[in-house]
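Trainee: Got a structure here, written out as structure tokens. Questions coming.
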Number of protein chains: 2
Amino acid sequence: MEEKEIDIIEKINALLLLKKYSEIRDLLIEMNPVDIANLFSELPMNRLPVLFRLLPKELGADTFVEMEPETQEHLIKGFSDNELKEVLEEIYLDDTVDLLEEMPANVVKRILINSEPETRKQINEILKYPEDSAGSLMTTEYVSLRRDMTAYEALKRIRRTGIDKETIYTCYVTKSNRKLIGIVTARSLLLAEEDALIDDIMNDKPISVNTHTDKEDVADIIQKYDLIALPVVDDENRLVGIVTIDDAIDVIKEEATEDIEKMAGMLPSDKPYLRTGVFETWKARIPWLLFLMLSALFTQLIITHFEATLTLFSLSAFIPMITGTAGNSGSQSSVAVIRALSLGEIEFKNTFRILFKEVRVAFFCGLTLAVANMIKALIQGAIQGNFVFSTSLVVSITILITVIIAKIVGSLLPILAEKIGFDPAVMASPLITTVLDSVSLLVFATIAVLLLY
Amino acid sequence: MEEKEIDIIEKINALLLLKKYSEIRDLLIEMNPVDIANLFSELPMNRLPVLFRLLPKELGADTFVEMEPETQEHLIKGFSDNELKEVLEEIYLDDTVDLLEEMPANVVKRILINSEPETRKQINEILKYPEDSAGSLMTTEYVSLRRDMTAYEALKRIRRTGIDKETIYTCYVTKSNRKLIGIVTARSLLLAEEDALIDDIMNDKPISVNTHTDKEDVADIIQKYDLIALPVVDDENRLVGIVTIDDAIDVIKEEATEDIEKMAGMLPSDKPYLRTGVFETWKARIPWLLFLMLSALFTQLIITHFEATLTLFSLSAFIPMITGTAGNSGSQSSVAVIRALSLGEIEFKNTFRILFKEVRVAFFCGLTLAVANMIKALIQGAIQGNFVFSTSLVVSITILITVIIAKIVGSLLPILAEKIGFDPAVMASPLITTVLDSVSLLVFATIAVLLLY
């Protein structure tokens, strides 16, 4: 938290004690809604209704949508029906839908009762789309135009109806049956002659998605084509809503978080860290921990099988180093490939190019590590007076070979997973590490048996 | 690649053979620049100059900025000076700067020679800002307005000058000394009365950043406040440029990739996977591999020290399972905390809340795993006829304790790193895993000595 912020919090707390509400109001109306919402989260919950009522209607609504669900719930419970109606009238439809998704059933009911019948109908439309679809992400408030309008008429229409729309920068040209036939940006409307026909200035091959398109694809398309908003159509190509870029950014961040969570062997969660309960966190983490622990049965069997050799030549002490190096090498490759896949930098047809690159990188990494290990063994041996060349050679050769195998396995598994329709992010560190534990132990024991007897 | 795309590639290759250029042109001008650039990357490099010349000037320039640097370089080398000038005139300044950053010195020189003197001056201004700063990310092409204009005059000005500006949706109100005093959105201009004064409708507390602000902070601000563009000012609050939302999205994606790379023990790279050479990849991966391999000296010493005990009770076989479980548990916590830190969900003052949560989650995870391990040992023992209760108890107790330690270490290290100004992402899986290898082995050996003798 910045000092300035702490200053304001102290000042407002003091003004609250003195009941100098109009001075608080003067402070707040100078602030951005995002900052007011952050500020409110630092103030005592029971003072919020009083503070919220100080805000002018529009600023209040803009602040409301930026708040944490807990704070929103607390406020709504303190609202009169009229106050609730006022807030609901000001906020955009997609924000209302987001709100409903976070509130408990009794609050949802109160919100729906206090919404306009038309809004309620639209809300119910959006709520019926699957959670991760374009339909659930969109808003139904957009500017629609007709192809036979002029630029002047279109701008007049924007002036008349734009106030309630989330964006007026992209307008949608539809036929009377709501079929989407083109898009016009506010930019081209402003730069066109006043009597230019929409039909002539519109882009008649608009990029659109279906209500059932996955929200990750929606975000990718918005980013790929640098769009401010993307139209969402139903199966008959009728325009039903738009997804705006701010929602796309949220999806991009959420998806990166999900990938990161999966790569660390957790089930993804869409809730912030501190808002996820202990039981929920346990549920997200235990499946992989359990699976990976039980799969270690293989390493256990391998070590037991080679126990005599490992003990005879004092090789057990190297086990964590070898499995660790294999795991780290494999993780690097798998994570690099998973990220490149998710950014669309590589695809299945690049498999051989990827493999060829990884094998060469692995060879140089493996060689560097093998040499470093030999040097380390020499120094350690000189200090402790127990350098054994053959043991060090076995360890170095094992490192070289396992690094190469690790990088091949690490880069191949995610590509194959993607190809057969699995989520490549799951093929990250924990799984690869566990597979490589067994592989590297097998290599180690085999080389020891070959070279030392 | 989609089927439709393959169809078009085949069709264009066929038309190229038949030299039916006007038919190719008809195909291309129906397409989006992003798609044309993708298409060109799939066609033989030596046909690109011919194909590129088929595109109308504006579409050509829009396509050019979407291409891979290799393709751009190849095309520029084939351009006449006039063709190069034409492309440079059409593309936005920040795209020219991006281009310069990717091209070899001789191409950079040719681009600068063929730019307008005014553009050249602006390019040089931008190039002198540090690589990760707002200054290097911004464009200097924006719409500026005066406070005494009316909405009507402002719109007229946008109409006259907007064609060359990257965005016209946010306009900047400056004094004659270029000091930024406010911003006006095209939305408020359109919705205002024609004779409304800019002074009355502008936001006079615009959010801005300094030319030296880190680009990650720039992206965060754009996202936090849902902006389409963010003004960049110098130390005297003079407006020097704007950063647009499409650049912010690129930064958000890059930052997520960097975090992921660091978490997997790689030095971050800003180049796509397939464009990074073998030596570069080796250089990014070897430091951590080497450091982690050498740190395994500790595990080696621990195992050697307890070798008698481990051999006597056949405990070596459990080493990979125990270090693996500790590593996986610790990674989960560290990655969850690192991501929450980078999303701004938690900060240092939440440390106790985080620890309290992690300890409880760890206890339940550890208990689940300990019980599962006991059941597994019973089943395995029943099959092999060699169940030893005391050994299984040692392993189960070790798991419970190490999971708790792992989750404490995993969640604390990133928070402490952030507090002392280190990058928390570096405290992810590989480092935590290596630390936990030693810790878990020490716990294992200690419990074995305590319970088994």
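Residue numbering restarts at 1 in every chain; chains get A, B, ... in the order shown in the structure tokens, and ligands count up from 1 in that same order.
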Any idea what's packed within 8 Å of segment 339-346 of chain A, counting only C-alpha atoms, ignoring anything in its chain fewer than 5 positions away? Could you give it as a ChimeraX atom specification?

Mentor: /A:415 /B:257,260,272-274

Trainee: Using only C-alpha atoms, determine which residues lie at most 12 Å from Gln122 of chain A, disregarding the query and same-chain residues fewer than 3 positions distant; provide the list as a count of residues only.

Mentor: 24

Trainee: Could you tell me how far atom CA of Met293 of chain A lies from atom CA of Phe313 of chain A, in Å and to one decimal?

Mentor: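 These atoms are spaced 27.7 Å apart.
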
Trainee: As a list in words, please: the residues near Leu315 of chain B (cut-off 10 Å, only C-alpha atoms, same-chain neighbours under 4 positions excluded).

Mentor: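 Contacts, in chain order: Gln300, Ile303 and Thr304 of chain A; Glu307, Thr309, Leu310, Thr311, Ile319, Thr391, Ser392, Val394, Val395, Phe444, Ala445 and Ala448 of chain B.
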
Trainee: Just write the chosen residues, C-alpha atoms, as a PDB file, in the first residue's frame.

Mentor:
ATOM      1  CA  GLN A 300      11.112 -47.788  -4.898  1.00  0.00           C
ATOM      2  CA  ILE A 303      16.156 -49.045  -6.023  1.00  0.00           C
ATOM      3  CA  THR A 304      15.261 -52.230  -4.156  1.00  0.00           C
TER       4      THR A 304
ATOM      5  CA  GLU B 307      24.237 -44.561   5.032  1.00  0.00           C
ATOM      6  CA  THR B 309      20.976 -46.546   9.073  1.00  0.00           C
ATOM      7  CA  LEU B 310      19.423 -46.279   5.595  1.00  0.00           C
ATOM      8  CA  THR B 311      20.988 -49.565   4.493  1.00  0.00           C
ATOM      9  CA  ILE B 319      14.303 -41.499  -0.929  1.00  0.00           C
ATOM     10  CA  THR B 391       9.481 -48.799   8.546  1.00  0.00           C
ATOM     11  CA  SER B 392       6.100 -47.771   7.158  1.00  0.00           C
ATOM     12  CA  VAL B 394       8.790 -43.885   9.798  1.00  0.00           C
ATOM     13  CA  VAL B 395       7.908 -43.131   6.163  1.00  0.00           C
ATOM     14  CA  PHE B 444      13.664 -38.915   7.271  1.00  0.00           C
ATOM     15  CA  ALA B 445      17.013 -39.932   8.758  1.00  0.00           C
ATOM     16  CA  ALA B 448      14.467 -43.331  11.437  1.00  0.00           C
TER      17      ALA B 448
END

Trainee: Quick one: residues within 8 Å of Ala425 of chain B, only C-alpha atoms, excluding same-chain residues fewer than 3 positions away - as a list in words?

Mentor: Asp259, Ile260, Lys262, Met263, Val335, Ile338, Pro414 and Ala428 of chain B

Trainee: Looking at A:Thr325, A:Thr150, A:Gln380, A:Ser411, which one is nearest to chain B, with distances taken over only C-alpha atoms?

Mentor: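 Ranking A:Thr325, A:Thr150, A:Gln380, A:Ser411 by distance to chain B, first place goes to A:Thr325.
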
Trainee: Could you list, as an mmCIF file with N, CA and C atoms, in the first residue's frame, every residue within 10 Å of Leu99 of chain A, counting only C-alpha atoms and ignoring same-chain residues fewer than 2 positions away?

Mentor:
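The result, stored in result_2.cif:
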data_model
loop_
_atom_site.group_PDB
_atom_site.id
_atom_site.type_symbol
_atom_site.label_atom_id
_atom_site.label_comp_id
_atom_site.auth_asym_id
_atom_site.auth_seq_id
_atom_site.Cartn_x
_atom_site.Cartn_y
_atom_site.Cartn_z
ATOM 1 N N VAL A 65 -19.170 -1.589 -8.894
ATOM 2 C CA VAL A 65 -18.756 -2.723 -9.735
ATOM 3 C C VAL A 65 -17.291 -3.078 -9.525
ATOM 4 N N GLU A 68 -14.956 -5.860 -4.086
ATOM 5 C CA GLU A 68 -14.918 -7.295 -3.835
ATOM 6 C C GLU A 68 -16.334 -7.801 -3.549
ATOM 7 N N PRO A 69 -16.641 -9.039 -3.965
ATOM 8 C CA PRO A 69 -17.984 -9.580 -3.736
ATOM 9 C C PRO A 69 -18.466 -9.457 -2.275
ATOM 10 N N GLN A 72 -19.670 -5.986 -1.766
ATOM 11 C CA GLN A 72 -20.914 -5.773 -2.511
ATOM 12 C C GLN A 72 -22.091 -6.381 -1.750
ATOM 13 N N GLU A 73 -21.892 -7.614 -1.272
ATOM 14 C CA GLU A 73 -22.971 -8.302 -0.565
ATOM 15 C C GLU A 73 -23.383 -7.507 0.674
ATOM 16 N N LEU A 93 -24.951 -4.335 -18.073
ATOM 17 C CA LEU A 93 -25.569 -5.643 -17.919
ATOM 18 C C LEU A 93 -24.561 -6.744 -17.586
ATOM 19 N N ASP A 94 -23.371 -6.712 -18.220
ATOM 20 C CA ASP A 94 -22.426 -7.803 -17.940
ATOM 21 C C ASP A 94 -21.901 -7.721 -16.508
ATOM 22 N N ASP A 95 -21.848 -6.499 -15.955
ATOM 23 C CA ASP A 95 -21.446 -6.369 -14.555
ATOM 24 C C ASP A 95 -22.537 -6.918 -13.627
ATOM 25 N N THR A 96 -23.805 -6.697 -14.000
ATOM 26 C CA THR A 96 -24.900 -7.271 -13.213
ATOM 27 C C THR A 96 -24.807 -8.790 -13.217
ATOM 28 N N VAL A 97 -24.509 -9.350 -14.381
ATOM 29 C CA VAL A 97 -24.409 -10.806 -14.472
ATOM 30 C C VAL A 97 -23.250 -11.315 -13.609
ATOM 31 N N GLU A 101 -23.457 -13.892 -10.334
ATOM 32 C CA GLU A 101 -22.707 -15.140 -10.238
ATOM 33 C C GLU A 101 -21.979 -15.276 -8.901
ATOM 34 N N GLU A 102 -21.715 -14.144 -8.236
ATOM 35 C CA GLU A 102 -20.959 -14.170 -6.983
ATOM 36 C C GLU A 102 -21.848 -14.153 -5.729
ATOM 37 N N MET A 103 -23.120 -13.745 -5.876
ATOM 38 C CA MET A 103 -23.971 -13.520 -4.695
ATOM 39 C C MET A 103 -24.709 -14.788 -4.261
ATOM 40 N N VAL A 107 -29.699 -12.958 -2.105
ATOM 41 C CA VAL A 107 -29.337 -11.669 -2.692
ATOM 42 C C VAL A 107 -29.659 -11.655 -4.185
ATOM 43 N N VAL A 108 -29.387 -12.761 -4.867
ATOM 44 C CA VAL A 108 -29.708 -12.871 -6.291
ATOM 45 C C VAL A 108 -31.183 -12.581 -6.514
ATOM 46 N N ILE A 111 -31.940 -8.961 -6.212
ATOM 47 C CA ILE A 111 -31.453 -8.202 -7.376
ATOM 48 C C ILE A 111 -32.401 -8.377 -8.548
#

Trainee: Between atom CA of Lys283 of chain A and atom CA of Ile397 of chain B, measure the distance and give it in Å to one decimal.

Mentor: 21.4 Å

Trainee: What are the DSSP strand (DSSP E) residues of segment 39-195 of chain A, as a PyMOL selection string?

Mentor: chain A and resi 144-145+170-174+180-185

Trainee: Hey, which of A:Val443, A:Leu180, A:Val209, A:Ile168 ends up closest to chain B? Count only C-alpha atoms.

Mentor: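 When distances to chain B are compared using only C-alpha atoms, the smallest one comes from A:Ile168.
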
Trainee: Just the residues within 10 Å of Ala377 of chain A, please, counting only C-alpha atoms, with nothing from its chain fewer than 6 positions along; format it as a VMD selection string.

Mentor: (chain A and resid 371 383 386 to 389 391 to 393 395 to 396) or (chain B and resid 297)
